Structures are given as C-alpha cells and as structure tokens.
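Engineer: Next comes run29.cif, mmCIF, N, CA and C atoms:
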data_work
#
loop_
_atom_site.group_PDB
_atom_site.id
_atom_site.type_symbol
_atom_site.label_atom_id
_atom_site.label_comp_id
_atom_site.auth_asym_id
_atom_site.auth_seq_id
_atom_site.Cartn_x
_atom_site.Cartn_y
_atom_site.Cartn_z
ATOM 1 N N MET A 1 26.176 16.016 -39.606
ATOM 2 C CA MET A 1 26.226 15.322 -38.323
ATOM 3 C C MET A 1 25.602 16.208 -37.252
ATOM 4 N N GLY A 2 24.791 15.658 -36.378
ATOM 5 C CA GLY A 2 24.093 16.419 -35.349
ATOM 6 C C GLY A 2 24.991 16.779 -34.178
ATOM 7 N N LYS A 3 24.472 17.680 -33.355
ATOM 8 C CA LYS A 3 25.201 18.109 -32.164
ATOM 9 C C LYS A 3 25.264 16.957 -31.163
ATOM 10 N N ARG A 4 26.432 16.744 -30.618
ATOM 11 C CA ARG A 4 26.613 15.681 -29.631
ATOM 12 C C ARG A 4 26.031 16.140 -28.302
ATOM 13 N N ARG A 5 25.142 15.325 -27.744
ATOM 14 C CA ARG A 5 24.506 15.671 -26.476
ATOM 15 C C ARG A 5 25.310 15.091 -25.325
ATOM 16 N N SER A 6 25.297 15.807 -24.226
ATOM 17 C CA SER A 6 25.989 15.368 -23.025
ATOM 18 C C SER A 6 24.947 15.086 -21.946
ATOM 19 N N PHE A 7 25.096 13.971 -21.254
ATOM 20 C CA PHE A 7 24.132 13.574 -20.241
ATOM 21 C C PHE A 7 24.827 13.451 -18.893
ATOM 22 N N THR A 8 24.135 13.859 -17.846
ATOM 23 C CA THR A 8 24.689 13.737 -16.505
ATOM 24 C C THR A 8 24.614 12.280 -16.051
ATOM 25 N N ALA A 9 25.391 11.972 -15.036
ATOM 26 C CA ALA A 9 25.358 10.629 -14.458
ATOM 27 C C ALA A 9 23.961 10.332 -13.921
ATOM 28 N N GLU A 10 23.313 11.345 -13.333
ATOM 29 C CA GLU A 10 21.974 11.151 -12.781
ATOM 30 C C GLU A 10 20.975 10.810 -13.883
ATOM 31 N N PHE A 11 21.085 11.502 -15.029
ATOM 32 C CA PHE A 11 20.182 11.221 -16.145
ATOM 33 C C PHE A 11 20.376 9.785 -16.615
ATOM 34 N N LYS A 12 21.628 9.362 -16.741
ATOM 35 C CA LYS A 12 21.914 8.005 -17.202
ATOM 36 C C LYS A 12 21.335 6.975 -16.235
ATOM 37 N N GLN A 13 21.555 7.195 -14.937
ATOM 38 C CA GLN A 13 21.021 6.270 -13.924
ATOM 39 C C GLN A 13 19.503 6.219 -13.990
ATOM 40 N N GLU A 14 18.862 7.394 -14.117
ATOM 41 C CA GLU A 14 17.401 7.429 -14.158
ATOM 42 C C GLU A 14 16.861 6.783 -15.428
ATOM 43 N N ALA A 15 17.546 6.972 -16.541
ATOM 44 C CA ALA A 15 17.108 6.344 -17.793
ATOM 45 C C ALA A 15 17.176 4.826 -17.669
ATOM 46 N N VAL A 16 18.258 4.325 -17.083
ATOM 47 C CA VAL A 16 18.403 2.879 -16.891
ATOM 48 C C VAL A 16 17.310 2.358 -15.955
ATOM 49 N N GLN A 17 17.073 3.072 -14.858
ATOM 50 C CA GLN A 17 16.051 2.640 -13.906
ATOM 51 C C GLN A 17 14.664 2.676 -14.537
ATOM 52 N N LEU A 18 14.374 3.713 -15.322
ATOM 53 C CA LEU A 18 13.085 3.803 -16.003
ATOM 54 C C LEU A 18 12.901 2.623 -16.953
ATOM 55 N N ALA A 19 13.944 2.317 -17.702
ATOM 56 C CA ALA A 19 13.869 1.197 -18.647
ATOM 57 C C ALA A 19 13.673 -0.131 -17.915
ATOM 58 N N LYS A 20 14.271 -0.274 -16.744
ATOM 59 C CA LYS A 20 14.112 -1.502 -15.980
ATOM 60 C C LYS A 20 12.702 -1.626 -15.399
ATOM 61 N N GLN A 21 12.108 -0.500 -15.029
ATOM 62 C CA GLN A 21 10.790 -0.515 -14.397
ATOM 63 C C GLN A 21 9.661 -0.735 -15.399
ATOM 64 N N LEU A 22 9.809 -0.205 -16.596
ATOM 65 C CA LEU A 22 8.744 -0.328 -17.590
ATOM 66 C C LEU A 22 8.784 -1.702 -18.227
ATOM 67 N N ASP A 23 7.630 -2.220 -18.502
ATOM 68 C CA ASP A 23 7.528 -3.540 -19.119
ATOM 69 C C ASP A 23 7.375 -3.382 -20.637
ATOM 70 N N VAL A 24 8.363 -2.686 -21.245
ATOM 71 C CA VAL A 24 8.369 -2.482 -22.692
ATOM 72 C C VAL A 24 9.781 -2.730 -23.204
ATOM 73 N N ALA A 25 9.896 -2.828 -24.511
ATOM 74 C CA ALA A 25 11.197 -3.092 -25.117
ATOM 75 C C ALA A 25 12.153 -1.920 -24.881
ATOM 76 N N LEU A 26 13.413 -2.246 -24.753
ATOM 77 C CA LEU A 26 14.448 -1.234 -24.568
ATOM 78 C C LEU A 26 14.439 -0.232 -25.722
ATOM 79 N N SER A 27 14.172 -0.717 -26.918
ATOM 80 C CA SER A 27 14.137 0.169 -28.084
ATOM 81 C C SER A 27 13.033 1.214 -27.942
ATOM 82 N N GLN A 28 11.902 0.832 -27.356
ATOM 83 C CA GLN A 28 10.798 1.783 -27.151
ATOM 84 C C GLN A 28 11.182 2.850 -26.132
ATOM 85 N N VAL A 29 11.822 2.436 -25.042
ATOM 86 C CA VAL A 29 12.252 3.394 -24.022
ATOM 87 C C VAL A 29 13.261 4.366 -24.630
ATOM 88 N N ALA A 30 14.195 3.847 -25.420
ATOM 89 C CA ALA A 30 15.183 4.706 -26.064
ATOM 90 C C ALA A 30 14.500 5.731 -26.969
ATOM 91 N N ARG A 31 13.522 5.288 -27.747
ATOM 92 C CA ARG A 31 12.783 6.226 -28.615
ATOM 93 C C ARG A 31 12.061 7.280 -27.790
ATOM 94 N N ASP A 32 11.415 6.856 -26.708
ATOM 95 C CA ASP A 32 10.668 7.793 -25.868
ATOM 96 C C ASP A 32 11.582 8.836 -25.232
ATOM 97 N N LEU A 33 12.809 8.444 -24.905
ATOM 98 C CA LEU A 33 13.775 9.367 -24.303
ATOM 99 C C LEU A 33 14.629 10.072 -25.355
ATOM 100 N N GLU A 34 14.334 9.795 -26.627
ATOM 101 C CA GLU A 34 15.079 10.371 -27.751
ATOM 102 C C GLU A 34 16.573 10.052 -27.657
ATOM 103 N N LEU A 35 16.854 8.770 -27.395
ATOM 104 C CA LEU A 35 18.219 8.256 -27.327
ATOM 105 C C LEU A 35 18.356 7.155 -28.363
ATOM 106 N N SER A 36 19.585 6.863 -28.735
ATOM 107 C CA SER A 36 19.775 5.696 -29.591
ATOM 108 C C SER A 36 19.692 4.454 -28.701
ATOM 109 N N GLU A 37 19.194 3.385 -29.280
ATOM 110 C CA GLU A 37 19.085 2.145 -28.519
ATOM 111 C C GLU A 37 20.460 1.659 -28.076
ATOM 112 N N SER A 38 21.460 1.824 -28.945
ATOM 113 C CA SER A 38 22.807 1.352 -28.592
ATOM 114 C C SER A 38 23.374 2.137 -27.407
ATOM 115 N N LEU A 39 23.071 3.438 -27.329
ATOM 116 C CA LEU A 39 23.551 4.236 -26.201
ATOM 117 C C LEU A 39 22.903 3.766 -24.903
ATOM 118 N N LEU A 40 21.588 3.584 -24.922
ATOM 119 C CA LEU A 40 20.897 3.114 -23.723
ATOM 120 C C LEU A 40 21.378 1.723 -23.329
ATOM 121 N N ARG A 41 21.637 0.881 -24.324
ATOM 122 C CA ARG A 41 22.153 -0.465 -24.043
ATOM 123 C C ARG A 41 23.540 -0.384 -23.382
ATOM 124 N N ARG A 42 24.400 0.524 -23.839
ATOM 125 C CA ARG A 42 25.730 0.703 -23.220
ATOM 126 C C ARG A 42 25.587 1.174 -21.780
ATOM 127 N N TRP A 43 24.634 2.070 -21.536
ATOM 128 C CA TRP A 43 24.392 2.533 -20.166
ATOM 129 C C TRP A 43 23.920 1.377 -19.296
ATOM 130 N N PHE A 44 23.070 0.525 -19.841
ATOM 131 C CA PHE A 44 22.594 -0.663 -19.117
ATOM 132 C C PHE A 44 23.779 -1.546 -18.733
ATOM 133 N N GLN A 45 24.640 -1.841 -19.706
ATOM 134 C CA GLN A 45 25.783 -2.716 -19.457
ATOM 135 C C GLN A 45 26.720 -2.107 -18.420
ATOM 136 N N ALA A 46 26.986 -0.806 -18.534
ATOM 137 C CA ALA A 46 27.858 -0.144 -17.565
ATOM 138 C C ALA A 46 27.239 -0.202 -16.176
ATOM 139 N N ASN A 47 25.947 0.028 -16.098
ATOM 140 C CA ASN A 47 25.259 -0.019 -14.810
ATOM 141 C C ASN A 47 25.296 -1.426 -14.222
ATOM 142 N N ASP A 48 25.094 -2.446 -15.050
ATOM 143 C CA ASP A 48 25.133 -3.829 -14.564
ATOM 144 C C ASP A 48 26.527 -4.208 -14.074
ATOM 145 N N GLN A 49 27.565 -3.715 -14.758
ATOM 146 C CA GLN A 49 28.939 -4.071 -14.401
ATOM 147 C C GLN A 49 29.471 -3.283 -13.210
ATOM 148 N N LYS A 50 29.127 -1.981 -13.147
ATOM 149 C CA LYS A 50 29.761 -1.123 -12.148
ATOM 150 C C LYS A 50 28.802 -0.492 -11.152
ATOM 151 N N GLY A 51 27.521 -0.669 -11.345
ATOM 152 C CA GLY A 51 26.541 -0.108 -10.412
ATOM 153 C C GLY A 51 26.653 1.401 -10.292
ATOM 154 N N GLU A 52 26.702 1.907 -9.071
ATOM 155 C CA GLU A 52 26.764 3.348 -8.809
ATOM 156 C C GLU A 52 28.005 4.006 -9.405
ATOM 157 N N MET A 53 29.051 3.255 -9.624
ATOM 158 C CA MET A 53 30.307 3.809 -10.152
ATOM 159 C C MET A 53 30.349 3.797 -11.683
ATOM 160 N N ALA A 54 29.239 3.458 -12.315
ATOM 161 C CA ALA A 54 29.203 3.313 -13.771
ATOM 162 C C ALA A 54 29.396 4.629 -14.506
ATOM 163 N N PHE A 55 28.961 5.725 -13.913
ATOM 164 C CA PHE A 55 28.990 7.003 -14.606
ATOM 165 C C PHE A 55 29.703 8.055 -13.767
ATOM 166 N N PRO A 56 31.034 8.003 -13.768
ATOM 167 C CA PRO A 56 31.782 8.965 -12.959
ATOM 168 C C PRO A 56 31.606 10.381 -13.494
ATOM 169 N N GLY A 57 31.620 11.343 -12.585
ATOM 170 C CA GLY A 57 31.492 12.750 -12.978
ATOM 171 C C GLY A 57 32.811 13.311 -13.447
ATOM 172 N N LYS A 58 32.760 14.531 -13.922
ATOM 173 C CA LYS A 58 33.970 15.218 -14.361
ATOM 174 C C LYS A 58 34.578 15.936 -13.173
ATOM 175 N N GLY A 59 35.895 15.959 -13.101
ATOM 176 C CA GLY A 59 36.589 16.629 -12.016
ATOM 177 C C GLY A 59 36.605 18.127 -12.188
ATOM 178 N N LYS A 60 36.837 18.840 -11.093
ATOM 179 C CA LYS A 60 36.932 20.294 -11.121
ATOM 180 C C LYS A 60 38.360 20.666 -10.749
ATOM 181 N N SER A 61 38.944 21.524 -11.539
ATOM 182 C CA SER A 61 40.285 21.973 -11.175
ATOM 183 C C SER A 61 40.454 23.412 -11.627
ATOM 184 N N GLY A 62 41.160 24.191 -10.841
ATOM 185 C CA GLY A 62 41.475 25.547 -11.215
ATOM 186 C C GLY A 62 40.297 26.507 -11.189
ATOM 187 N N LEU A 63 39.246 26.200 -10.445
ATOM 188 C CA LEU A 63 38.099 27.095 -10.372
ATOM 189 C C LEU A 63 38.105 27.842 -9.052
ATOM 190 N N ASN A 64 37.756 29.135 -9.120
ATOM 191 C CA ASN A 64 37.600 29.848 -7.858
ATOM 192 C C ASN A 64 36.226 29.517 -7.290
ATOM 193 N N ALA A 65 35.938 29.991 -6.092
ATOM 194 C CA ALA A 65 34.692 29.622 -5.414
ATOM 195 C C ALA A 65 33.467 30.048 -6.211
ATOM 196 N N GLU A 66 33.505 31.233 -6.795
ATOM 197 C CA GLU A 66 32.357 31.721 -7.562
ATOM 198 C C GLU A 66 32.145 30.885 -8.819
ATOM 199 N N GLN A 67 33.208 30.558 -9.530
ATOM 200 C CA GLN A 67 33.098 29.735 -10.732
ATOM 201 C C GLN A 67 32.591 28.335 -10.392
ATOM 202 N N ALA A 68 33.087 27.786 -9.282
ATOM 203 C CA ALA A 68 32.642 26.458 -8.865
ATOM 204 C C ALA A 68 31.150 26.472 -8.518
ATOM 205 N N GLU A 69 30.687 27.546 -7.853
ATOM 206 C CA GLU A 69 29.276 27.652 -7.508
ATOM 207 C C GLU A 69 28.417 27.786 -8.765
ATOM 208 N N ILE A 70 28.858 28.587 -9.727
ATOM 209 C CA ILE A 70 28.137 28.728 -10.988
ATOM 210 C C ILE A 70 28.058 27.376 -11.696
ATOM 211 N N GLN A 71 29.172 26.661 -11.732
ATOM 212 C CA GLN A 71 29.204 25.352 -12.375
ATOM 213 C C GLN A 71 28.250 24.376 -11.669
ATOM 214 N N ARG A 72 28.250 24.415 -10.345
ATOM 215 C CA ARG A 72 27.360 23.542 -9.573
ATOM 216 C C ARG A 72 25.900 23.868 -9.867
ATOM 217 N N LEU A 73 25.560 25.151 -9.911
ATOM 218 C CA LEU A 73 24.187 25.559 -10.176
ATOM 219 C C LEU A 73 23.754 25.201 -11.593
ATOM 220 N N LYS A 74 24.662 25.323 -12.552
ATOM 221 C CA LYS A 74 24.348 24.925 -13.924
ATOM 222 C C LYS A 74 24.072 23.430 -14.003
ATOM 223 N N ARG A 75 24.889 22.645 -13.310
ATOM 224 C CA ARG A 75 24.674 21.194 -13.277
ATOM 225 C C ARG A 75 23.331 20.861 -12.649
ATOM 226 N N GLU A 76 23.028 21.542 -11.546
ATOM 227 C CA GLU A 76 21.765 21.303 -10.852
ATOM 228 C C GLU A 76 20.580 21.646 -11.756
ATOM 229 N N LEU A 77 20.667 22.760 -12.484
ATOM 230 C CA LEU A 77 19.615 23.147 -13.415
ATOM 231 C C LEU A 77 19.491 22.130 -14.547
ATOM 232 N N ASP A 78 20.621 21.673 -15.058
ATOM 233 C CA ASP A 78 20.620 20.679 -16.131
ATOM 234 C C ASP A 78 19.958 19.385 -15.664
ATOM 235 N N ILE A 79 20.267 18.974 -14.452
ATOM 236 C CA ILE A 79 19.660 17.762 -13.886
ATOM 237 C C ILE A 79 18.149 17.942 -13.765
ATOM 238 N N ALA A 80 17.725 19.100 -13.259
ATOM 239 C CA ALA A 80 16.296 19.361 -13.104
ATOM 240 C C ALA A 80 15.596 19.333 -14.463
ATOM 241 N N ARG A 81 16.217 19.911 -15.472
ATOM 242 C CA ARG A 81 15.635 19.895 -16.813
ATOM 243 C C ARG A 81 15.549 18.474 -17.358
ATOM 244 N N GLN A 82 16.586 17.678 -17.168
ATOM 245 C CA GLN A 82 16.580 16.306 -17.662
ATOM 246 C C GLN A 82 15.532 15.476 -16.928
ATOM 247 N N GLU A 83 15.416 15.678 -15.617
ATOM 248 C CA GLU A 83 14.396 14.956 -14.856
ATOM 249 C C GLU A 83 13.004 15.331 -15.349
ATOM 250 N N ARG A 84 12.796 16.628 -15.603
ATOM 251 C CA ARG A 84 11.517 17.084 -16.127
ATOM 252 C C ARG A 84 11.225 16.419 -17.468
ATOM 253 N N ASP A 85 12.239 16.360 -18.343
ATOM 254 C CA ASP A 85 12.048 15.755 -19.662
ATOM 255 C C ASP A 85 11.712 14.272 -19.552
ATOM 256 N N ILE A 86 12.369 13.561 -18.646
ATOM 257 C CA ILE A 86 12.075 12.143 -18.438
ATOM 258 C C ILE A 86 10.632 11.980 -17.970
ATOM 259 N N LEU A 87 10.216 12.819 -17.029
ATOM 260 C CA LEU A 87 8.852 12.717 -16.519
ATOM 261 C C LEU A 87 7.824 13.047 -17.595
ATOM 262 N N LYS A 88 8.092 14.059 -18.417
ATOM 263 C CA LYS A 88 7.177 14.394 -19.507
ATOM 264 C C LYS A 88 7.023 13.211 -20.458
ATOM 265 N N LYS A 89 8.137 12.587 -20.794
ATOM 266 C CA LYS A 89 8.097 11.471 -21.735
ATOM 267 C C LYS A 89 7.420 10.258 -21.118
ATOM 268 N N ALA A 90 7.627 10.046 -19.835
ATOM 269 C CA ALA A 90 6.972 8.926 -19.166
ATOM 270 C C ALA A 90 5.459 9.151 -19.118
ATOM 271 N N VAL A 91 5.040 10.380 -18.827
ATOM 272 C CA VAL A 91 3.609 10.693 -18.798
ATOM 273 C C VAL A 91 3.003 10.484 -20.184
ATOM 274 N N ALA A 92 3.695 10.967 -21.214
ATOM 275 C CA ALA A 92 3.193 10.793 -22.581
ATOM 276 C C ALA A 92 3.105 9.313 -22.936
ATOM 277 N N PHE A 93 4.104 8.538 -22.527
ATOM 278 C CA PHE A 93 4.111 7.104 -22.803
ATOM 279 C C PHE A 93 2.924 6.423 -22.159
ATOM 280 N N PHE A 94 2.704 6.711 -20.857
ATOM 281 C CA PHE A 94 1.613 6.059 -20.156
ATOM 282 C C PHE A 94 0.256 6.533 -20.655
ATOM 283 N N ALA A 95 0.155 7.788 -21.056
ATOM 284 C CA ALA A 95 -1.115 8.288 -21.616
ATOM 285 C C ALA A 95 -1.418 7.557 -22.926
ATOM 286 N N LYS A 96 -0.382 7.335 -23.735
ATOM 287 C CA LYS A 96 -0.545 6.632 -25.004
ATOM 288 C C LYS A 96 -0.952 5.175 -24.751
ATOM 289 N N GLU A 97 -0.357 4.555 -23.736
ATOM 290 C CA GLU A 97 -0.642 3.148 -23.428
ATOM 291 C C GLU A 97 -2.043 2.965 -22.859
ATOM 292 N N SER A 98 -2.580 3.985 -22.202
ATOM 293 C CA SER A 98 -3.891 3.820 -21.555
ATOM 294 C C SER A 98 -5.044 3.971 -22.539
ATOM 295 N N ARG A 99 -4.735 4.414 -23.758
ATOM 296 C CA ARG A 99 -5.811 4.578 -24.754
ATOM 297 C C ARG A 99 -6.203 3.282 -25.383
#
Show this structure as structure tokens.
Structural biologist:
Amino acid sequence: MGKRRSFTAEFKQEAVQLAKQLDVALSQVARDLELSESLLRRWFQANDQKGEMAFPGKGKSGLNAEQAEIQRLKRELDIARQERDILKKAVAFFAKESR
C-alpha cells in the first residue's frame, strides 16, 4: 500500500477550480494532478455542497509561538509547492493539447 498523501484546503480548492475551468473530463484532470478520480470527485461534491467551508483546516493547540510560526511556515511552503505542481501540470497539459 502506498503512502497516504495529505492535501491542504487551498490545494483542494485549486484542483476543483482547475477542473471546472478546463474543458476536459474529470478523469483527465485527476490523472494530470496525479489524483484518483474518486478523490477529485469527492472534493467536487464537498465544494458544491459547502463552498468555502468544504475543506476545514486542522486546529492548533498546545503550541508555543515559535512552534506555531514553524508550523505556519511549513504550511505556507507546502502550499507554494502544491501550487507550483498544479501550474507545472497545467502547462504540460496545455503544451500537449496544442500539438
């Protein structure tokens, strides 16, 4: 069994928005983002039902200021990496489509 991946709320929202904007099958978008189609479909349904509240974040408790700042910076870096990955895959997708 493979390692379970964790996605931020921002990544989920952006994946849903990307899938809505592209005029391709949901299964293709899922493949391009290296997600299972069922996972992306669940994100779609959650987004349709709850909108901005579809992907609540994790709470912070018992952290001192330094630990909280480290955690915040790690999240910010993770978001930046995920955004970069989405953009890379979108560029590759559009380059493939333009041929």
Engineer: Between A:Ala9, A:Leu35, A:Ala19, A:Ala54, which has the minimum distance to A:Ile79 (counting only C-alpha atoms)?
Structural biologist: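 Smallest distance to A:Ile79 is found for A:Ala9.
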Engineer: For each of A:Ala30, A:Ala80, A:Leu39, A:Ile86, take the minimum atom-to-atom distance to A:Glu14, counting only C-alpha atoms, then give the residue where this is smallest.
Structural biologist: A:Ile86
Engineer: To test your reading of the structure, identify every residue in chain A that backbone DSSP assigns to helix (DSSP H, G or I), and report it as JSON, numbers by chain.
Structural biologist: {"A": [9, 10, 11, 12, 13, 14, 15, 16, 17, 18, 19, 20, 21, 26, 27, 28, 29, 30, 31, 32, 37, 38, 39, 40, 41, 42, 43, 44, 45, 46, 47, 48, 49, 50, 51, 52, 53, 54, 65, 66, 67, 68, 69, 70, 71, 72, 73, 74, 75, 76, 77, 78, 79, 80, 81, 82, 83, 84, 85, 86, 87, 88, 89, 90, 91, 92, 93, 94, 95, 96, 97, 98]}
Engineer: Have a look at atom CA of A:Leu33 and atom CA of A:Phe55 and let me know their distance in Å, one decimal.
Structural biologist: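 So the answer is 18.2 Å.
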Engineer: To one decimal place, how far is atom CA of A:Val24 from atom CA of A:Phe44 in Å?
Structural biologist: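 Between atom CA of A:Val24 and atom CA of A:Phe44 the gap works out to 14.8 Å.
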Engineer: Selection in question (the file shown): the PyMOL selection byres (((chain A and resi 20 and name CA) around 12) and name CA). Which residues does it include, as a ChimeraX atom specification?
Structural biologist: /A:13-19,21-26,29-30,40-41,43-44,47-48
Engineer: State, in Å with one decimal place, the distance from atom C of A:Glu37 to atom N of A:Lys12.
Structural biologist: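 About the pair atom C of A:Glu37 and atom N of A:Lys12: they are 13.8 Å apart.
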Engineer: Box in all listed atoms of stretch 29-41 of chain A, axis-aligned, with 5 Å more on each side; write out centre and edge lengths in Å to one decimal as JSON.
Structural biologist:
{"center_x": 17.1, "center_y": 5.0, "center_z": -26.5, "size_x": 22.9, "size_y": 20.8, "size_z": 16.3}
Engineer: Identify which of the residues A:Glu76, A:Glu66, A:Glu52, A:Asp32 lies closest to A:Ala90, counting only N, CA and C atoms when measuring atom-to-atom distances.
Structural biologist: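 Under the stated criterion, the closest residue is A:Asp32.
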